[in-house]
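Just below is one structure, and these are the notes that go with it.
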Amino acid sequence: MPEVEMVDATDVVLKVENLKKFFPVRKGVFSRVRSFLHAVDDVSFEIKRGEVLALVGESGCGKTTTGKTLVRLHSPTDGKITFLNRDVTHLRSAVDRKWFHGKSQMIFQDPFESLNPRKTIFDIVSEPMNIQSEGSLKYREEKTMEILKRVGISPPNAFLWRYPHELSGGQRQRVAIARALVMNPEFVVADEPTSMLDVSIRTQVMKLMMNLISDMHMSFLYITHDLAVARYMSDYISVMYLGKMVEYGETEEVIQNPLHPYTKALISAVPVPDPEFKRKSIQIKGGIGKAIDPLPRCRFYDRCPFAMDVCAKEEPSLVDVDDGHKVACFLYDKKEE
Amino acid sequence: MKPILEVKNLKMYYNTRSGYVKAADDVSFVLNEGEAMGLVGESGCGKTTTSMAIMRLLAENAEIISGHIYFKGKDLLKLSEEEMNKVRWAGISMIFQAAMNSLNPVYRVGDQIIEAIVTHEPNVTFEEARERVASLYKLVGLDPKRMDNYPHEYSGGMKQRAVIAMSLSCNPDIIIADEPTTALDVIVQDMILKEMSRIQKKLNMSMIYISHDIAVIAEVAEKIGIMYAGKLVELSDSVTIFKKPAHPYTVGLMSSFPSIKGEKKELVTIPGEPPNLLNAPDSCRFAPRCPFATKECWEKEPPYEEIEPNHFLACFHPQNLRKQVSEYARG
């Protein structure tokens, strides 16, 4: 069915509607499933061509699960994923799977673990072409050299037959990026791609990704816990808390004018590299829990300094407050009425 | 201010089959009483090695080639192992990297801290030690009732707090915190850093914070040392380091960090990668990555000197560098 790929430059590449991913929690003598961990619960958003969406939140908030579900390393429990105007929620046929996985890729956090130590750089980078049975061996070699050069591994022919252990952390992450981009994907999920790298290497890799995104016109989902990095990398930010999307908006708008109490606390907790700047942080109680069979109420209720009665009874939904700036909080919901 | 710890020309090399790895090379600094100092650098720059040398917790192949570490006037490198045992924990204690994994999973958290107290102070009874742990728990913001829990019953932030309580257990003069918040989430990190800063001021202790994150160091340290490839390249008070950095590496590091406050600036990248410290040459180790390197930098090692009061620098071009550096940082 490759004919339906006719999309123009401004079109939505990925559309996610009410995505849910629950994991069964087994307990008891016979390991019966007693409850579910709501890792991703009713998340909706879309990414346009060439757009970078940053997914931020603390560990355990469901950002990685969301990313993995979108490239279908997990199958969703419920909801709908539309990719290039085609429903890819289930991907039942092998043809569909091959088509989808050729166009969506993932970059993992740890380049020391995501590259097979027994394969050469050529094997690693050309594997997607292998699986997609694209071109001859010669073509693959040329393509691999080209992409390695683009990610700053030069001269590429000196690296082609080396193994990952011969490379530094920064070089490995470049190879992982090359592997993800060799098929010219439409959509890439990058899961904390710079958090394992050293400071001076991190900036290099961030800049490289930014250049590649604008050159190759990809749509990017950038998963990070670091709001300062998200600010530099993304056009839009979405904040997750215990499986829920609590805030969404243009990056500068969310950073400068956060609405949700959780986003406010999160932004106020980020250390500022300026010894003269006196930061005031918003104190919130307790720590992040686990969304195992959560009650139908706001998940931030226990920790929220502004919690009201209504927050304990109902779940707030994500509403547009100001020109695309969306927030899931009753503090803002009321004003609308 | 009285100096409490003085590290002088410390050279600590690892002896490997292929030669010496110069992990800490000619490191000198002074830590005053009640002062919080930060050591910043990338992995492998020698910041952990330096702190391990201070504690004399060295790997078998580590060799202290030369140098002195004076703690309250005594040279720690000359003490016997037995005497050193008395300094550890009671004089200088340490919060290790990934402290949350440094608790023994099969013992109750409280008992582990009690053990540290009883071992170092034999005349303290179990009950007294227990009481002390309870008050330490309150100091770090933990509920003393949780003393009888096991580590797996604690969250990451709570484990970190327990480890801080443990480091305080024998009333040390200095605490060395090696990446104390690296594994924690931002909100928890913020709470822990505040807590540590508060305790440090309250007890008037000296602290050495070790981190790769300059933003974290900026929040807690009054004095900052920048390490690169085994060398201390710049040392000054935190405002000077951030506002008037003199070493090109410091400048690069400062401007390669994204910030959440202020204008969104273009990030500067430092080209290349840190060098291999195996048989490191006697030239400026930053020269291969430095945009201002001259012939001199490739031939000799720049001396580590005081260029202004309390501002130490190891670079050949401090005078004319400032202007160039600010231009470089801008574009």
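By order in the structure tokens, chains are A, B, ...; within a chain, residues start at 1; ligands start at 1, following the order shown.
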(message) Need to verify the contact set: range 283-292 of chain A, 10 Å, only C-alpha atoms, exclusion of same-chain residues closer than 2 positions in sequence. Can you return it as a PyMOL selection string?
(response) (chain A and resi 22-25+35-41+58-62+241-244+261-262+265-266+268-269+280-281+294-295+299-300+302-305) or (chain B and resi 155-158+185+187-188+190-191)
Expected file: the selected residues, C-alpha atoms, as a JSON list (two decimals), in the first residue's frame:
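Ended up saving to out27.json:
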[["chain", "number", "residue", "atom", "x", "y", "z"],
["A", 22, "PHE", "CA", -0.84, -1.09, 31.02],
["A", 23, "PHE", "CA", 1.51, -3.70, 32.42],
["A", 24, "PRO", "CA", 0.08, -6.56, 34.47],
["A", 25, "VAL", "CA", 1.38, -6.80, 38.03],
["A", 35, "SER", "CA", -3.62, -5.27, 39.21],
["A", 36, "PHE", "CA", -2.25, -3.16, 36.40],
["A", 37, "LEU", "CA", 0.49, -0.58, 36.26],
["A", 38, "HIS", "CA", -0.82, 2.31, 34.21],
["A", 39, "ALA", "CA", 2.47, 3.26, 32.56],
["A", 40, "VAL", "CA", 0.86, 5.36, 29.84],
["A", 41, "ASP", "CA", -2.71, 6.42, 30.44],
["A", 58, "GLU", "CA", 10.91, 12.12, 36.28],
["A", 59, "SER", "CA", 11.92, 8.49, 36.10],
["A", 60, "GLY", "CA", 8.92, 6.21, 36.15],
["A", 61, "CYS", "CA", 6.57, 8.76, 34.60],
["A", 62, "GLY", "CA", 6.02, 6.71, 31.46],
["A", 241, "TYR", "CA", 3.50, 12.64, 35.46],
["A", 242, "LEU", "CA", 2.66, 9.03, 36.38],
["A", 243, "GLY", "CA", 1.49, 8.06, 32.93],
["A", 244, "LYS", "CA", -0.52, 11.21, 32.30],
["A", 261, "PRO", "CA", 1.80, 22.91, 39.66],
["A", 262, "TYR", "CA", 3.98, 19.91, 38.83],
["A", 265, "ALA", "CA", 7.88, 22.57, 40.74],
["A", 266, "LEU", "CA", 9.93, 20.70, 38.15],
["A", 268, "SER", "CA", 11.94, 25.53, 39.79],
["A", 269, "ALA", "CA", 14.05, 22.52, 40.85],
["A", 280, "LYS", "CA", 13.38, 29.88, 44.62],
["A", 281, "SER", "CA", 12.11, 26.37, 44.41],
["A", 294, "PRO", "CA", -4.76, 4.48, 40.32],
["A", 295, "LEU", "CA", -7.92, 6.03, 41.75],
["A", 299, "ARG", "CA", -2.47, 11.76, 40.08],
["A", 300, "PHE", "CA", -0.66, 14.73, 41.51],
["A", 302, "ASP", "CA", -1.21, 13.85, 47.14],
["A", 303, "ARG", "CA", 1.71, 16.12, 46.43],
["A", 304, "CYS", "CA", 0.00, 19.20, 45.06],
["A", 305, "PRO", "CA", 0.22, 22.37, 47.17],
["B", 155, "SER", "CA", 13.15, 5.37, 47.94],
["B", 156, "GLY", "CA", 16.21, 6.67, 46.10],
["B", 157, "GLY", "CA", 16.09, 10.03, 47.83],
["B", 158, "MET", "CA", 15.68, 8.41, 51.25],
["B", 185, "ASP", "CA", 15.47, 13.03, 39.79],
["B", 187, "ILE", "CA", 13.05, 17.48, 42.43],
["B", 188, "VAL", "CA", 14.74, 15.04, 44.79],
["B", 190, "ASP", "CA", 17.05, 19.86, 44.64],
["B", 191, "MET", "CA", 15.85, 18.74, 48.10]]
(request) May I have the residues within 8 Å of range 116-121 of chain B as a ChimeraX atom specification, using only C-alpha atoms and disregarding those fewer than 2 positions away in the same chain? (result) /B:86,89-90,112-114,123-126,129,166,169-170
(message) Need the shell around Ala162 in chain B: protein/DNA/RNA residues with any atom at most 10 Å away, counting only C-alpha atoms. Skip same-chain ones fewer than 4 positions apart. Format as an MDAnalysis selection string?
(response) chainID B and resid 99:100 103 109:110 112:113 133 136:137 140:142 146:147 151 154 156:158 166:168
Write the residues of the preceding selection, restricted to N, CA and C atoms, as an mmCIF file, in the first residue's frame.
data_model
loop_
_atom_site.group_PDB
_atom_site.id
_atom_site.type_symbol
_atom_site.label_atom_id
_atom_site.label_comp_id
_atom_site.auth_asym_id
_atom_site.auth_seq_id
_atom_site.Cartn_x
_atom_site.Cartn_y
_atom_site.Cartn_z
ATOM 1 N N ALA B 99 25.676 6.324 45.873
ATOM 2 C CA ALA B 99 25.609 6.005 47.290
ATOM 3 C C ALA B 99 24.438 5.101 47.621
ATOM 4 N N MET B 100 23.407 5.198 46.774
ATOM 5 C CA MET B 100 22.214 4.413 47.074
ATOM 6 C C MET B 100 22.507 2.923 46.986
ATOM 7 N N LEU B 103 24.599 0.891 50.360
ATOM 8 C CA LEU B 103 24.018 0.314 51.575
ATOM 9 C C LEU B 103 23.915 -1.199 51.389
ATOM 10 N N VAL B 109 18.953 -0.367 57.805
ATOM 11 C CA VAL B 109 19.715 0.857 57.525
ATOM 12 C C VAL B 109 20.294 1.449 58.807
ATOM 13 N N GLY B 110 19.458 1.529 59.843
ATOM 14 C CA GLY B 110 19.904 2.107 61.109
ATOM 15 C C GLY B 110 21.103 1.366 61.673
ATOM 16 N N GLN B 112 23.373 -0.237 60.136
ATOM 17 C CA GLN B 112 24.602 0.021 59.385
ATOM 18 C C GLN B 112 25.275 1.299 59.860
ATOM 19 N N ILE B 113 24.438 2.289 60.198
ATOM 20 C CA ILE B 113 25.012 3.554 60.684
ATOM 21 C C ILE B 113 25.558 3.344 62.100
ATOM 22 N N VAL B 133 21.895 8.113 65.980
ATOM 23 C CA VAL B 133 21.345 7.881 64.637
ATOM 24 C C VAL B 133 19.969 8.527 64.518
ATOM 25 N N LEU B 136 20.448 12.081 63.948
ATOM 26 C CA LEU B 136 20.960 12.306 62.588
ATOM 27 C C LEU B 136 19.833 12.169 61.565
ATOM 28 N N TYR B 137 18.959 11.195 61.800
ATOM 29 C CA TYR B 137 17.816 11.005 60.895
ATOM 30 C C TYR B 137 16.981 12.278 60.834
ATOM 31 N N VAL B 140 18.735 15.012 58.738
ATOM 32 C CA VAL B 140 18.706 14.892 57.279
ATOM 33 C C VAL B 140 17.280 14.780 56.743
ATOM 34 N N GLY B 141 16.294 14.912 57.627
ATOM 35 C CA GLY B 141 14.910 14.911 57.163
ATOM 36 C C GLY B 141 14.318 13.535 56.952
ATOM 37 N N LEU B 142 14.738 12.568 57.762
ATOM 38 C CA LEU B 142 14.130 11.241 57.698
ATOM 39 C C LEU B 142 13.398 10.981 59.010
ATOM 40 N N ARG B 146 12.021 4.962 60.661
ATOM 41 C CA ARG B 146 12.436 4.164 59.502
ATOM 42 C C ARG B 146 13.799 3.505 59.684
ATOM 43 N N MET B 147 14.417 3.723 60.859
ATOM 44 C CA MET B 147 15.725 3.125 61.128
ATOM 45 C C MET B 147 15.730 1.609 61.001
ATOM 46 N N PRO B 151 17.172 -1.386 53.239
ATOM 47 C CA PRO B 151 17.353 -0.432 52.139
ATOM 48 C C PRO B 151 16.287 -0.516 51.042
ATOM 49 N N TYR B 154 13.342 1.786 51.176
ATOM 50 C CA TYR B 154 13.572 3.220 51.034
ATOM 51 C C TYR B 154 13.480 3.612 49.564
ATOM 52 N N GLY B 156 14.866 6.204 46.439
ATOM 53 C CA GLY B 156 16.214 6.674 46.098
ATOM 54 C C GLY B 156 16.660 7.862 46.936
ATOM 55 N N GLY B 157 15.755 8.835 47.065
ATOM 56 C CA GLY B 157 16.093 10.032 47.833
ATOM 57 C C GLY B 157 16.325 9.711 49.303
ATOM 58 N N MET B 158 15.524 8.775 49.838
ATOM 59 C CA MET B 158 15.677 8.405 51.248
ATOM 60 C C MET B 158 17.004 7.700 51.486
ATOM 61 N N MET B 166 24.860 8.756 57.484
ATOM 62 C CA MET B 166 25.988 7.896 57.837
ATOM 63 C C MET B 166 27.306 8.666 57.765
ATOM 64 N N SER B 167 27.439 9.504 56.737
ATOM 65 C CA SER B 167 28.691 10.245 56.603
ATOM 66 C C SER B 167 28.867 11.248 57.748
ATOM 67 N N LEU B 168 27.752 11.641 58.361
ATOM 68 C CA LEU B 168 27.827 12.603 59.462
ATOM 69 C C LEU B 168 28.002 11.926 60.807
#
(request) Enumerate as JSON, numbers by chain the residues belonging to chain A that approach chain B to within 10 Å, with only C-alpha atoms taken into account. (result) {"A": [57, 58, 59, 168, 169, 170, 171, 197, 198, 199, 200, 201, 202, 203, 204, 205, 206, 207, 225, 226, 227, 228, 229, 230, 231, 232, 252, 255, 256, 265, 266, 267, 268, 269, 270, 271, 272, 273, 274, 275, 276, 277, 278, 279, 281, 282, 283, 284, 286, 287, 288, 289]}
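Distance annotation: of B:Ile54, B:Val163, B:Ile176, B:Val87, the residue with the minimal separation from Ser102 in chain B is B:Val163; atom set is only C-alpha atoms.
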(request) Once DSSP has gone over the backbone, tell me which residues of range 94-298 of chain B are in strand (DSSP E), as number ranges by chain. (result) B: 94-95, 174-178, 206-211, 223-228, 231-237
With C-alpha atoms retained, could you export that selection as a compact mmCIF listing (two decimals), in the first residue's frame?
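Result went into again-v9.txt, see below:
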# COMPACT_ATOMS: atom_id res chain seq x y z
CA MET B 94 32.87 10.33 52.13
CA ILE B 95 29.58 10.00 50.30
CA ILE B 174 35.31 17.26 56.13
CA ILE B 175 32.81 15.45 53.95
CA ILE B 176 33.70 14.54 50.40
CA ALA B 177 30.57 14.04 48.31
CA ASP B 178 31.31 12.26 45.03
CA SER B 206 34.02 21.69 55.18
CA MET B 207 32.72 19.99 52.07
CA ILE B 208 34.18 18.91 48.78
CA TYR B 209 31.51 18.35 46.15
CA ILE B 210 32.59 16.38 43.13
CA SER B 211 30.41 16.59 40.06
CA LYS B 223 35.05 27.81 45.56
CA ILE B 224 35.38 25.81 42.35
CA GLY B 225 38.26 23.84 40.94
CA ILE B 226 38.14 22.80 37.28
CA MET B 227 39.98 19.59 36.42
CA TYR B 228 40.98 18.44 32.99
CA LYS B 231 45.30 18.45 36.04
CA LEU B 232 43.69 21.14 38.10
CA VAL B 233 43.55 23.87 35.45
CA GLU B 234 41.71 26.63 37.25
CA LEU B 235 40.67 27.34 40.82
CA SER B 236 38.86 30.34 42.23
CA ASP B 237 35.72 31.47 44.00
(request) With a distance cut-off of 8 Å and only C-alpha atoms, select the neighbouring residues of Thr77 in chain A, excluding the residue or stretch itself and same-chain residues fewer than 6 positions from it, and output the selection as a PyMOL selection string. (result) chain A and resi 19-22
Could you dump the residues just selected with C-alpha atoms as a compact mmCIF listing (two decimals), in the first residue's frame?
# COMPACT_ATOMS: atom_id res chain seq x y z
CA LEU A 19 -2.83 5.89 23.92
CA LYS A 20 -2.77 3.49 26.85
CA LYS A 21 -0.19 0.97 27.91
CA PHE A 22 -0.84 -1.09 31.02
(message) Which residue is closest to Thr50 in chain B? Choose from B:Pro105, B:Pro248, B:Gly230, B:Pro303 and count only C-alpha atoms.
(response)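 Closest residue, counting only C-alpha atoms: B:Gly230.
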